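**Student:** File follows, structure_2.cif with mmCIF, C-alpha atoms:
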```cif
data_structure
#
loop_
_atom_site.group_PDB
_atom_site.id
_atom_site.type_symbol
_atom_site.label_atom_id
_atom_site.label_comp_id
_atom_site.auth_asym_id
_atom_site.auth_seq_id
_atom_site.Cartn_x
_atom_site.Cartn_y
_atom_site.Cartn_z
ATOM 1 C CA MET A 1 134.164 38.156 -9.718
ATOM 2 C CA ASP A 2 131.950 40.894 -11.162
ATOM 3 C CA THR A 3 133.395 44.152 -9.808
ATOM 4 C CA THR A 4 130.092 45.967 -10.411
ATOM 5 C CA ARG A 5 128.346 43.789 -7.853
ATOM 6 C CA PRO A 6 128.818 44.425 -4.136
ATOM 7 C CA ARG A 7 130.963 41.947 -2.215
ATOM 8 C CA ILE A 8 129.091 40.742 0.865
ATOM 9 C CA LEU A 9 130.347 38.568 3.707
ATOM 10 C CA VAL A 10 127.753 36.462 5.512
ATOM 11 C CA ASP A 11 128.148 35.247 9.101
ATOM 12 C CA MET A 12 124.696 33.871 9.857
ATOM 13 C CA SER A 13 122.268 31.192 8.758
ATOM 14 C CA LEU A 14 119.847 32.359 6.075
ATOM 15 C CA HIS A 15 116.519 31.069 4.811
ATOM 16 C CA PRO A 16 117.170 29.582 1.334
ATOM 17 C CA ARG A 17 114.937 32.171 -0.345
ATOM 18 C CA ALA A 18 116.709 35.023 1.434
ATOM 19 C CA ARG A 19 120.096 33.649 0.368
ATOM 20 C CA ALA A 20 118.847 33.311 -3.213
ATOM 21 C CA ALA A 21 117.739 36.958 -3.205
ATOM 22 C CA LEU A 22 121.134 38.018 -1.878
ATOM 23 C CA THR A 23 123.191 35.987 -4.345
ATOM 24 C CA ALA A 24 121.080 37.282 -7.234
ATOM 25 C CA ALA A 25 122.299 40.810 -6.526
ATOM 26 C CA ALA A 26 125.739 40.412 -4.942
ATOM 27 C CA ASP A 27 128.891 38.307 -4.767
ATOM 28 C CA VAL A 28 128.510 36.410 -1.506
ATOM 29 C CA ALA A 29 131.028 34.562 0.642
ATOM 30 C CA GLY A 30 131.156 33.312 4.194
ATOM 31 C CA LEU A 31 133.166 35.263 6.761
ATOM 32 C CA PRO A 32 136.039 33.025 7.911
ATOM 33 C CA ARG A 33 136.293 32.496 11.661
ATOM 34 C CA ASP A 34 139.849 33.708 12.164
ATOM 35 C CA GLY A 35 143.334 34.082 10.785
ATOM 36 C CA ASP A 36 144.660 35.547 7.563
ATOM 37 C CA ALA A 37 141.619 34.357 5.603
ATOM 38 C CA ARG A 38 139.309 36.431 7.799
ATOM 39 C CA ALA A 39 141.471 39.542 7.456
ATOM 40 C CA ALA A 40 141.682 39.102 3.687
ATOM 41 C CA ALA A 41 137.918 38.684 3.386
ATOM 42 C CA LEU A 42 137.234 41.816 5.434
ATOM 43 C CA ALA A 43 139.711 43.800 3.349
ATOM 44 C CA GLY A 44 137.625 43.234 0.234
ATOM 45 C CA ALA A 45 134.116 43.515 1.687
ATOM 46 C CA ASP A 46 131.525 46.132 0.738
ATOM 47 C CA GLY A 47 128.929 44.765 3.148
ATOM 48 C CA ILE A 48 128.521 42.350 6.052
ATOM 49 C CA LEU A 49 125.398 40.376 6.951
ATOM 50 C CA ALA A 50 125.605 38.793 10.398
ATOM 51 C CA TYR A 51 123.849 38.090 13.680
ATOM 52 C CA GLY A 52 126.271 40.566 15.231
ATOM 53 C CA PRO A 53 129.062 42.524 13.519
ATOM 54 C CA PRO A 54 132.802 42.169 14.071
ATOM 55 C CA ALA A 55 134.325 44.526 16.625
ATOM 56 C CA PRO A 56 135.474 47.982 15.493
ATOM 57 C CA THR A 57 139.103 46.840 15.712
ATOM 58 C CA GLU A 58 138.353 44.305 12.969
ATOM 59 C CA LEU A 59 136.112 46.611 10.972
ATOM 60 C CA ALA A 60 139.042 48.998 10.703
ATOM 61 C CA SER A 61 140.672 46.449 8.378
ATOM 62 C CA ALA A 62 137.726 46.697 5.947
ATOM 63 C CA PRO A 63 138.479 49.891 3.979
ATOM 64 C CA HIS A 64 135.730 49.328 1.397
ATOM 65 C CA LEU A 65 132.995 48.589 3.912
ATOM 66 C CA ARG A 66 129.836 50.605 3.274
ATOM 67 C CA ALA A 67 127.076 48.807 5.181
ATOM 68 C CA LEU A 68 126.383 46.307 7.954
ATOM 69 C CA ALA A 69 123.093 44.413 8.331
ATOM 70 C CA VAL A 70 122.769 42.704 11.710
ATOM 71 C CA HIS A 71 120.268 41.580 14.300
ATOM 72 C CA LEU A 72 121.780 43.999 16.791
ATOM 73 C CA ALA A 73 124.925 46.149 16.916
ATOM 74 C CA ALA A 74 126.698 47.276 20.078
ATOM 75 C CA PRO A 75 127.124 51.006 20.832
ATOM 76 C CA ASP A 76 130.829 50.944 19.934
ATOM 77 C CA VAL A 77 129.978 49.558 16.493
ATOM 78 C CA HIS A 78 127.398 52.310 15.963
ATOM 79 C CA ALA A 79 129.961 54.926 16.989
ATOM 80 C CA TYR A 80 132.607 53.512 14.653
ATOM 81 C CA ALA A 81 130.158 53.241 11.767
ATOM 82 C CA ALA A 82 129.012 56.843 12.235
ATOM 83 C CA GLU A 83 132.629 58.051 12.148
ATOM 84 C CA GLN A 84 133.395 56.059 8.999
ATOM 85 C CA GLY A 85 130.127 56.699 7.154
ATOM 86 C CA VAL A 86 129.122 53.022 7.265
ATOM 87 C CA ALA A 87 125.378 52.335 7.251
ATOM 88 C CA VAL A 88 124.084 50.071 10.031
ATOM 89 C CA ILE A 89 120.844 48.204 9.388
ATOM 90 C CA GLU A 90 119.335 46.482 12.421
ATOM 91 C CA SER A 91 116.379 44.140 12.351
ATOM 92 C CA SER A 92 113.087 45.725 13.356
ATOM 93 C CA ARG A 93 111.210 42.421 13.038
ATOM 94 C CA LEU A 94 113.501 40.303 15.200
ATOM 95 C CA TRP A 95 111.873 40.897 18.564
ATOM 96 C CA ARG A 96 108.349 40.065 17.433
ATOM 97 C CA THR A 97 109.706 37.100 15.476
ATOM 98 C CA VAL A 98 111.269 35.685 18.649
ATOM 99 C CA ALA A 99 108.066 36.429 20.567
ATOM 100 C CA GLU A 100 106.104 34.376 18.015
ATOM 101 C CA HIS A 101 108.509 31.450 18.358
ATOM 102 C CA THR A 102 108.222 31.696 22.131
ATOM 103 C CA LEU A 103 104.444 31.479 21.850
ATOM 104 C CA ALA A 104 104.777 28.516 19.473
ATOM 105 C CA LEU A 105 107.004 26.677 21.960
ATOM 106 C CA LEU A 106 104.618 27.466 24.788
ATOM 107 C CA LEU A 107 101.634 26.066 22.888
ATOM 108 C CA ALA A 108 103.571 23.023 21.661
ATOM 109 C CA THR A 109 104.669 22.240 25.217
ATOM 110 C CA LEU A 110 101.252 22.749 26.795
ATOM 111 C CA ARG A 111 99.450 20.717 24.107
ATOM 112 C CA ARG A 112 102.135 17.970 23.780
ATOM 113 C CA VAL A 113 102.229 18.512 19.994
ATOM 114 C CA PRO A 114 105.647 16.998 19.126
ATOM 115 C CA ALA A 115 105.110 13.935 21.342
ATOM 116 C CA ALA A 116 101.674 13.250 19.841
ATOM 117 C CA ASP A 117 103.084 13.646 16.322
ATOM 118 C CA ALA A 118 105.913 11.217 17.122
ATOM 119 C CA ALA A 119 103.440 8.675 18.529
ATOM 120 C CA ILE A 120 101.398 8.731 15.326
ATOM 121 C CA ARG A 121 104.521 8.347 13.170
ATOM 122 C CA ALA A 122 105.530 5.385 15.338
ATOM 123 C CA GLY A 123 102.294 3.598 14.400
ATOM 124 C CA ARG A 124 100.628 3.785 17.805
ATOM 125 C CA TRP A 125 97.321 5.458 16.827
ATOM 126 C CA PRO A 126 95.568 2.328 15.404
ATOM 127 C CA ARG A 127 96.130 0.446 18.683
ATOM 128 C CA GLU A 128 96.025 3.182 21.330
ATOM 129 C CA ASP A 129 93.771 6.015 22.410
ATOM 130 C CA LEU A 130 96.423 8.722 22.116
ATOM 131 C CA LYS A 131 94.136 11.299 23.662
ATOM 132 C CA VAL A 132 94.884 9.738 27.039
ATOM 133 C CA PRO A 133 98.680 10.207 27.205
ATOM 134 C CA TYR A 134 98.773 13.372 25.119
ATOM 135 C CA SER A 135 95.890 15.455 26.429
ATOM 136 C CA GLY A 136 97.322 18.892 27.084
ATOM 137 C CA ARG A 137 96.511 22.123 28.851
ATOM 138 C CA ASP A 138 94.614 25.193 27.656
ATOM 139 C CA LEU A 139 96.473 28.465 27.299
ATOM 140 C CA ALA A 140 93.291 30.503 27.684
ATOM 141 C CA ARG A 141 92.710 31.348 31.371
ATOM 142 C CA SER A 142 96.110 29.919 32.300
ATOM 143 C CA THR A 143 98.493 32.219 34.150
ATOM 144 C CA VAL A 144 101.692 32.813 32.205
ATOM 145 C CA GLY A 145 104.608 34.534 33.917
ATOM 146 C CA VAL A 146 107.208 36.275 31.754
ATOM 147 C CA LEU A 147 110.670 36.995 33.157
ATOM 148 C CA GLY A 148 111.800 40.110 31.323
ATOM 149 C CA ALA A 149 109.412 42.509 29.591
ATOM 150 C CA GLY A 150 111.774 44.074 27.068
ATOM 151 C CA ARG A 151 111.678 44.016 23.282
ATOM 152 C CA ILE A 152 110.584 40.355 23.177
ATOM 153 C CA GLY A 153 108.568 40.227 26.380
ATOM 154 C CA ALA A 154 106.362 43.221 25.602
ATOM 155 C CA PRO A 155 104.926 41.868 22.314
ATOM 156 C CA LEU A 156 104.597 38.410 23.863
ATOM 157 C CA LEU A 157 102.479 39.818 26.691
ATOM 158 C CA GLY A 158 100.161 41.348 24.101
ATOM 159 C CA MET A 159 99.856 38.021 22.288
ATOM 160 C CA LEU A 160 99.101 36.202 25.526
ATOM 161 C CA ALA A 161 96.395 38.692 26.440
ATOM 162 C CA ALA A 162 94.834 38.344 22.962
ATOM 163 C CA LEU A 163 94.640 34.579 23.514
ATOM 164 C CA GLU A 164 92.848 35.130 26.842
ATOM 165 C CA ALA A 165 95.723 33.992 29.035
ATOM 166 C CA ARG A 166 96.381 35.750 32.337
ATOM 167 C CA PRO A 167 99.818 37.310 31.864
ATOM 168 C CA LEU A 168 102.205 38.304 34.633
ATOM 169 C CA PHE A 169 105.660 39.761 34.220
ATOM 170 C CA MET A 170 108.739 40.542 36.227
ATOM 171 C CA ASP A 171 111.130 43.295 35.260
ATOM 172 C CA ALA A 172 113.607 45.491 37.139
ATOM 173 C CA THR A 173 111.936 48.623 35.720
ATOM 174 C CA PRO A 174 108.367 49.541 36.748
ATOM 175 C CA MET A 175 106.180 49.417 33.616
ATOM 176 C CA PRO A 176 102.707 50.791 34.342
ATOM 177 C CA ASP A 177 102.144 51.637 30.660
ATOM 178 C CA LEU A 178 102.767 48.022 29.645
ATOM 179 C CA GLU A 179 100.393 46.846 32.355
ATOM 180 C CA ALA A 180 97.725 49.193 31.007
ATOM 181 C CA ALA A 181 98.312 48.200 27.382
ATOM 182 C CA THR A 182 98.272 44.425 27.907
ATOM 183 C CA GLY A 183 96.339 43.864 31.110
ATOM 184 C CA ALA A 184 99.381 42.044 32.496
ATOM 185 C CA ARG A 185 100.362 42.433 36.153
ATOM 186 C CA GLN A 186 103.905 43.279 37.155
ATOM 187 C CA VAL A 187 104.942 41.153 40.139
ATOM 188 C CA ASP A 188 108.101 40.016 41.886
ATOM 189 C CA LEU A 189 109.801 36.703 41.165
ATOM 190 C CA ASP A 190 108.296 34.870 44.135
ATOM 191 C CA ALA A 191 104.746 35.771 43.130
ATOM 192 C CA LEU A 192 105.383 34.954 39.486
ATOM 193 C CA LEU A 193 106.729 31.490 40.276
ATOM 194 C CA ALA A 194 103.950 30.680 42.731
ATOM 195 C CA GLU A 195 101.068 31.806 40.495
ATOM 196 C CA SER A 196 102.144 30.773 36.997
ATOM 197 C CA ASP A 197 101.005 27.723 35.077
ATOM 198 C CA ALA A 198 103.809 28.485 32.628
ATOM 199 C CA VAL A 199 106.987 30.487 33.136
ATOM 200 C CA VAL A 200 108.702 32.088 30.143
ATOM 201 C CA VAL A 201 112.354 33.151 30.415
ATOM 202 C CA LEU A 202 113.317 36.227 28.385
ATOM 203 C CA LEU A 203 116.122 37.692 30.489
ATOM 204 C CA PRO A 204 119.425 38.691 28.857
ATOM 205 C CA LEU A 205 122.431 36.696 30.026
ATOM 206 C CA ASP A 206 124.945 38.424 32.252
ATOM 207 C CA GLU A 207 126.563 37.639 35.570
ATOM 208 C CA ALA A 208 123.508 38.938 37.418
ATOM 209 C CA THR A 209 121.041 36.718 35.531
ATOM 210 C CA ARG A 210 123.128 33.534 35.161
ATOM 211 C CA GLY A 211 121.333 30.758 37.060
ATOM 212 C CA THR A 212 118.316 32.959 37.883
ATOM 213 C CA LEU A 213 116.180 29.822 37.893
ATOM 214 C CA GLY A 214 117.901 27.148 39.963
ATOM 215 C CA ALA A 215 116.653 24.271 42.067
ATOM 216 C CA ALA A 216 115.070 26.498 44.714
ATOM 217 C CA GLU A 217 113.198 28.602 42.152
ATOM 218 C CA LEU A 218 111.970 25.609 40.145
ATOM 219 C CA ALA A 219 110.722 24.021 43.376
ATOM 220 C CA ARG A 220 108.545 27.097 44.006
ATOM 221 C CA MET A 221 106.692 26.616 40.721
ATOM 222 C CA LYS A 222 103.390 24.761 40.532
ATOM 223 C CA PRO A 223 103.961 20.996 40.202
ATOM 224 C CA ASP A 224 102.121 20.888 36.863
ATOM 225 C CA ALA A 225 103.740 24.036 35.457
ATOM 226 C CA VAL A 226 105.896 24.213 32.336
ATOM 227 C CA LEU A 227 108.976 26.289 31.571
ATOM 228 C CA VAL A 228 109.876 27.973 28.256
ATOM 229 C CA ASN A 229 113.286 29.508 27.578
ATOM 230 C CA THR A 230 114.040 31.499 24.430
ATOM 231 C CA ALA A 231 116.564 33.855 26.061
ATOM 232 C CA ARG A 232 119.896 32.190 26.827
ATOM 233 C CA GLY A 233 120.423 28.689 28.167
ATOM 234 C CA PRO A 234 122.497 29.515 31.281
ATOM 235 C CA VAL A 235 119.774 31.784 32.718
ATOM 236 C CA VAL A 236 118.300 28.446 33.830
ATOM 237 C CA ASP A 237 120.515 26.028 35.776
ATOM 238 C CA GLU A 238 120.516 22.995 33.492
ATOM 239 C CA ASP A 239 121.267 20.453 36.216
ATOM 240 C CA ALA A 240 118.367 21.791 38.260
ATOM 241 C CA LEU A 241 116.119 21.665 35.189
ATOM 242 C CA LEU A 242 117.028 18.037 34.520
ATOM 243 C CA ALA A 243 116.373 17.117 38.148
ATOM 244 C CA ALA A 244 112.973 18.855 38.107
ATOM 245 C CA LEU A 245 111.965 16.987 34.951
ATOM 246 C CA ARG A 246 113.109 13.652 36.376
ATOM 247 C CA ASP A 247 111.237 13.992 39.667
ATOM 248 C CA GLY A 248 108.112 15.546 38.145
ATOM 249 C CA THR A 249 108.529 18.924 39.851
ATOM 250 C CA LEU A 250 108.192 20.378 36.361
ATOM 251 C CA ALA A 251 105.590 19.052 33.912
ATOM 252 C CA GLY A 252 107.453 20.032 30.766
ATOM 253 C CA ALA A 253 109.769 22.475 29.059
ATOM 254 C CA GLY A 254 110.076 24.252 25.714
ATOM 255 C CA LEU A 255 113.681 25.192 24.953
ATOM 256 C CA ASP A 256 115.148 27.120 22.032
ATOM 257 C CA VAL A 257 118.419 27.931 23.790
ATOM 258 C CA HIS A 258 120.905 25.705 25.542
ATOM 259 C CA GLY A 259 124.098 25.949 27.507
ATOM 260 C CA ASP A 260 125.776 23.615 25.024
ATOM 261 C CA GLU A 261 124.958 24.376 21.380
ATOM 262 C CA PRO A 262 124.538 22.350 19.273
ATOM 263 C CA LEU A 263 123.170 19.748 21.660
ATOM 264 C CA PRO A 264 124.960 16.389 21.351
ATOM 265 C CA ALA A 265 122.764 13.491 20.274
ATOM 266 C CA ASP A 266 123.086 11.864 23.694
ATOM 267 C CA HIS A 267 122.195 14.975 25.713
ATOM 268 C CA PRO A 268 119.937 13.975 28.649
ATOM 269 C CA LEU A 269 117.302 16.588 27.759
ATOM 270 C CA LEU A 270 116.534 14.626 24.595
ATOM 271 C CA ALA A 271 115.333 11.663 26.656
ATOM 272 C CA PHE A 272 112.271 13.538 27.950
ATOM 273 C CA GLU A 273 109.137 13.232 25.837
ATOM 274 C CA GLN A 274 107.667 16.268 27.619
ATOM 275 C CA VAL A 275 110.518 18.527 26.485
ATOM 276 C CA VAL A 276 110.157 20.405 23.185
ATOM 277 C CA ILE A 277 113.501 21.475 21.745
ATOM 278 C CA THR A 278 114.361 23.698 18.787
ATOM 279 C CA PRO A 279 117.874 24.597 17.558
ATOM 280 C CA HIS A 280 118.012 28.310 18.487
ATOM 281 C CA LEU A 281 115.437 29.130 15.806
ATOM 282 C CA GLY A 282 113.731 32.046 17.531
ATOM 283 C CA GLY A 283 114.898 34.727 15.114
ATOM 284 C CA SER A 284 115.029 32.564 11.983
ATOM 285 C CA THR A 285 112.234 33.271 9.535
ATOM 286 C CA LEU A 286 112.092 34.172 5.859
ATOM 287 C CA GLU A 287 110.674 37.594 6.637
ATOM 288 C CA CYS A 288 113.273 38.420 9.279
ATOM 289 C CA ASP A 289 116.118 37.388 6.979
ATOM 290 C CA LEU A 290 114.701 39.204 3.947
ATOM 291 C CA GLU A 291 114.403 42.420 5.948
ATOM 292 C CA LEU A 292 118.178 42.402 6.502
ATOM 293 C CA VAL A 293 118.984 41.340 2.935
ATOM 294 C CA ASP A 294 116.750 44.039 1.476
ATOM 295 C CA GLY A 295 118.115 46.720 3.794
ATOM 296 C CA LEU A 296 121.715 45.798 3.037
ATOM 297 C CA LEU A 297 121.223 45.828 -0.731
ATOM 298 C CA ARG A 298 119.452 49.181 -0.576
ATOM 299 C CA ALA A 299 122.263 50.634 1.536
ATOM 300 C CA LEU A 300 124.800 49.406 -1.014
ATOM 301 C CA GLY A 301 122.890 51.111 -3.824
ATOM 302 C CA GLY A 302 121.423 48.022 -5.387
ATOM 303 C CA GLY A 303 117.767 48.679 -4.613
ATOM 304 C CA ALA A 304 115.471 46.106 -3.073
ATOM 305 C CA ALA A 305 116.288 42.428 -3.160
ATOM 306 C CA PRO A 306 114.955 40.647 -6.265
ATOM 307 C CA PRO A 307 111.866 38.515 -5.610
ATOM 308 C CA ALA A 308 112.974 35.258 -3.986
#
```
Could you render the structure from this file as structure tokens?
**Tutor:**
Amino acid sequence: MDTTRPRILVDMSLHPRARAALTAAADVAGLPRDGDARAAALAGADGILAYGPPAPTELASAPHLRALAVHLAAPDVHAYAAEQGVAVIESSRLWRTVAEHTLALLLATLRRVPAADAAIRAGRWPREDLKVPYSGRDLARSTVGVLGAGRIGAPLLGMLAALEARPLFMDATPMPDLEAATGARQVDLDALLAESDAVVVLLPLDEATRGTLGAAELARMKPDAVLVNTARGPVVDEDALLAALRDGTLAGAGLDVHGDEPLPADHPLLAFEQVVITPHLGGSTLECDLELVDGLLRALGGGAAPPA
């Protein structure tokens, strides 16, 4: 190992070009999950790149640690890092990146994009008019209700307004400035479910939000509405979601998050052609990853990441 290069532990998936930029400037290893190997790795680390950092009790066993680059760090990690002189780099792009993926899932679900693509690859186009089964819905002039208008919801509302949708949102905090900036209306859950052609779930998961959308809530949605979830799987009751898809109460769903990750190959959600599923990709882009790599290398004194 070159002792002049920083030693960085990685505990996240990285775009290949972001990983190449990191390995060009540092000695890189994965952070073991537990045990003596994890403790030994932390003891020699100069930097950590992760979705979320280890707890302060673990960081205390990393005497050489100089910088953390993460999607988001908890307040106790910030406090510990400030005491120890450890730099904390958090993603500034993440929230808009997830908002973009949410919009992509919404459009793919409304316009039946993956199902139409699969039909063509299956050889059906020469013998069928695929416009009949795969005609979709317009986003423009559709009402889209967003549950949670925080760091992801706020930019998404702006995107929806720019695409001439009619955005609604529900949030525990009154947000008149966001209403003014986006033209969205803040409403309660009942109104949002009743009026929306598409419902987007962006609530954080805690005991108060677990199962926010269950059978009763899904039944109050329009019968041709779709649901998109890029927050956390258990905010939506999965059994209720499956039942709504089976009986046609819900026209479709776009899901980036799931109660059981990774989804097993025989998961019942995979049987529905009208369900678009991605593997928790919302925050995974080259640009989002490079922002953390570049920030970490700068904090460790190595300058910007080499061109990937």
**Student:** List the spatial neighbours of Leu103 (chain A) as a PyMOL selection string - criterion: any atom at most 9 Å away, only C-alpha atoms, same-chain residues fewer than 4 positions off excluded.
**Tutor:** chain A and resi 98-99+107-108+156+159-160
**Student:** Between A:Glu179, A:Asp266, A:Asp197, A:Asp289, which residue has the minimum interatomic distance to Val144 (chain A), considering only C-alpha atoms?
**Tutor:**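 For Val144 (chain A), the nearest of the given residues is A:Asp197.
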**Student:** Could you jot down the CA of His258 (chain A) to CA of Asp188 (chain A) separation for me, Å, one decimal place?
**Tutor:**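 For CA of His258 (chain A) relative to CA of Asp188 (chain A), the distance reads 25.2 Å.
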**Student:** Could you tell me how far CA of Gly85 (chain A) lies from CA of Ile8 (chain A), in Å and to one decimal?
**Tutor:**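 Between CA of Gly85 (chain A) and CA of Ile8 (chain A) the gap is 17.2 Å.
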**Student:** For the provided coordinates, the residues matched by the PyMOL selection byres ((chain A and resi 187) around 12) should be stated as number ranges by chain.
**Tutor:** A: 144-149, 167-176, 179, 184-186, 188-196
**Student:** If you apply the PyMOL selection byres ((chain A and resi 61) around 10) to this file, what residues do you get, as a ChimeraX atom specification?
**Tutor:** /A:39-45,56-60,62-65
**Student:** Would you pick out the contacts of Ala243 (chain A) at 12 Å or less, using all atoms listed in the file, so that residues sharing its chain but fewer than 3 positions from it are not included, and give the list as a PyMOL selection string?
**Tutor:** chain A and resi 214-216+218-219+237-240+246-252+268-269+272
**Student:** Let me know the centre plus edge lengths, in Å and rounded to one decimal, of a box with edges along x, y and z that contains all listed atoms of region 43-49 of chain A and is padded by 5 Å on every side, as AutoDock Vina command-line options.
**Tutor:**
```
--center_x 132.6 --center_y 43.3 --center_z 3.6 --size_x 24.3 --size_y 15.8 --size_z 16.7
```
**Student:** Kindly complete region 163-181 of chain A to N, CA, C and O atoms; the output should be written as a PDB file, in the coordinates of the input.
**Tutor:**
```pdb
ATOM      1  N   LEU A 163      95.072  35.974  23.456  1.00  0.00           N
ATOM      2  CA  LEU A 163      94.640  34.579  23.514  1.00  0.00           C
ATOM      3  C   LEU A 163      93.968  34.230  24.838  1.00  0.00           C
ATOM      4  O   LEU A 163      93.777  33.057  25.159  1.00  0.00           O
ATOM      5  N   GLU A 164      93.625  35.252  25.612  1.00  0.00           N
ATOM      6  CA  GLU A 164      92.848  35.130  26.842  1.00  0.00           C
ATOM      7  C   GLU A 164      93.605  34.406  27.955  1.00  0.00           C
ATOM      8  O   GLU A 164      93.000  33.821  28.852  1.00  0.00           O
ATOM      9  N   ALA A 165      94.943  34.444  27.885  1.00  0.00           N
ATOM     10  CA  ALA A 165      95.723  33.992  29.035  1.00  0.00           C
ATOM     11  C   ALA A 165      95.725  35.093  30.085  1.00  0.00           C
ATOM     12  O   ALA A 165      95.259  36.213  29.848  1.00  0.00           O
ATOM     13  N   ARG A 166      96.250  34.768  31.256  1.00  0.00           N
ATOM     14  CA  ARG A 166      96.381  35.750  32.337  1.00  0.00           C
ATOM     15  C   ARG A 166      97.872  36.048  32.503  1.00  0.00           C
ATOM     16  O   ARG A 166      98.573  35.321  33.209  1.00  0.00           O
ATOM     17  N   PRO A 167      98.380  37.080  31.841  1.00  0.00           N
ATOM     18  CA  PRO A 167      99.818  37.310  31.864  1.00  0.00           C
ATOM     19  C   PRO A 167     100.304  38.073  33.095  1.00  0.00           C
ATOM     20  O   PRO A 167      99.671  39.020  33.562  1.00  0.00           O
ATOM     21  N   LEU A 168     101.445  37.612  33.601  1.00  0.00           N
ATOM     22  CA  LEU A 168     102.205  38.304  34.633  1.00  0.00           C
ATOM     23  C   LEU A 168     103.580  38.605  34.054  1.00  0.00           C
ATOM     24  O   LEU A 168     104.028  37.942  33.125  1.00  0.00           O
ATOM     25  N   PHE A 169     104.276  39.575  34.632  1.00  0.00           N
ATOM     26  CA  PHE A 169     105.660  39.761  34.220  1.00  0.00           C
ATOM     27  C   PHE A 169     106.489  40.316  35.355  1.00  0.00           C
ATOM     28  O   PHE A 169     105.981  40.974  36.260  1.00  0.00           O
ATOM     29  N   MET A 170     107.765  40.011  35.296  1.00  0.00           N
ATOM     30  CA  MET A 170     108.739  40.542  36.227  1.00  0.00           C
ATOM     31  C   MET A 170     109.787  41.308  35.446  1.00  0.00           C
ATOM     32  O   MET A 170     110.290  40.817  34.433  1.00  0.00           O
ATOM     33  N   ASP A 171     110.087  42.505  35.894  1.00  0.00           N
ATOM     34  CA  ASP A 171     111.130  43.295  35.260  1.00  0.00           C
ATOM     35  C   ASP A 171     111.696  44.252  36.299  1.00  0.00           C
ATOM     36  O   ASP A 171     110.973  44.692  37.214  1.00  0.00           O
ATOM     37  N   ALA A 172     112.973  44.594  36.163  1.00  0.00           N
ATOM     38  CA  ALA A 172     113.607  45.491  37.139  1.00  0.00           C
ATOM     39  C   ALA A 172     113.054  46.904  37.064  1.00  0.00           C
ATOM     40  O   ALA A 172     113.116  47.656  38.040  1.00  0.00           O
ATOM     41  N   THR A 173     112.475  47.274  35.920  1.00  0.00           N
ATOM     42  CA  THR A 173     111.936  48.623  35.720  1.00  0.00           C
ATOM     43  C   THR A 173     110.420  48.604  35.870  1.00  0.00           C
ATOM     44  O   THR A 173     109.749  47.781  35.236  1.00  0.00           O
ATOM     45  N   PRO A 174     109.834  49.463  36.686  1.00  0.00           N
ATOM     46  CA  PRO A 174     108.367  49.541  36.748  1.00  0.00           C
ATOM     47  C   PRO A 174     107.797  49.906  35.370  1.00  0.00           C
ATOM     48  O   PRO A 174     108.304  50.807  34.705  1.00  0.00           O
ATOM     49  N   MET A 175     106.746  49.220  34.947  1.00  0.00           N
ATOM     50  CA  MET A 175     106.180  49.417  33.616  1.00  0.00           C
ATOM     51  C   MET A 175     104.667  49.550  33.680  1.00  0.00           C
ATOM     52  O   MET A 175     103.923  48.692  33.193  1.00  0.00           O
ATOM     53  N   PRO A 176     104.161  50.628  34.253  1.00  0.00           N
ATOM     54  CA  PRO A 176     102.707  50.791  34.342  1.00  0.00           C
ATOM     55  C   PRO A 176     102.046  50.919  32.971  1.00  0.00           C
ATOM     56  O   PRO A 176     100.901  50.470  32.801  1.00  0.00           O
ATOM     57  N   ASP A 177     102.736  51.506  31.999  1.00  0.00           N
ATOM     58  CA  ASP A 177     102.144  51.637  30.660  1.00  0.00           C
ATOM     59  C   ASP A 177     101.954  50.274  30.008  1.00  0.00           C
ATOM     60  O   ASP A 177     100.949  50.042  29.322  1.00  0.00           O
ATOM     61  N   LEU A 178     102.911  49.367  30.206  1.00  0.00           N
ATOM     62  CA  LEU A 178     102.767  48.022  29.645  1.00  0.00           C
ATOM     63  C   LEU A 178     101.643  47.269  30.344  1.00  0.00           C
ATOM     64  O   LEU A 178     100.890  46.531  29.697  1.00  0.00           O
ATOM     65  N   GLU A 179     101.516  47.457  31.640  1.00  0.00           N
ATOM     66  CA  GLU A 179     100.393  46.846  32.355  1.00  0.00           C
ATOM     67  C   GLU A 179      99.063  47.330  31.774  1.00  0.00           C
ATOM     68  O   GLU A 179      98.142  46.536  31.535  1.00  0.00           O
ATOM     69  N   ALA A 180      98.975  48.631  31.532  1.00  0.00           N
ATOM     70  CA  ALA A 180      97.725  49.193  31.007  1.00  0.00           C
ATOM     71  C   ALA A 180      97.444  48.707  29.590  1.00  0.00           C
ATOM     72  O   ALA A 180      96.292  48.426  29.227  1.00  0.00           O
ATOM     73  N   ALA A 181      98.503  48.579  28.782  1.00  0.00           N
ATOM     74  CA  ALA A 181      98.312  48.200  27.382  1.00  0.00           C
ATOM     75  C   ALA A 181      97.952  46.739  27.207  1.00  0.00           C
ATOM     76  O   ALA A 181      97.230  46.365  26.271  1.00  0.00           O
TER      77      ALA A 181
END
```
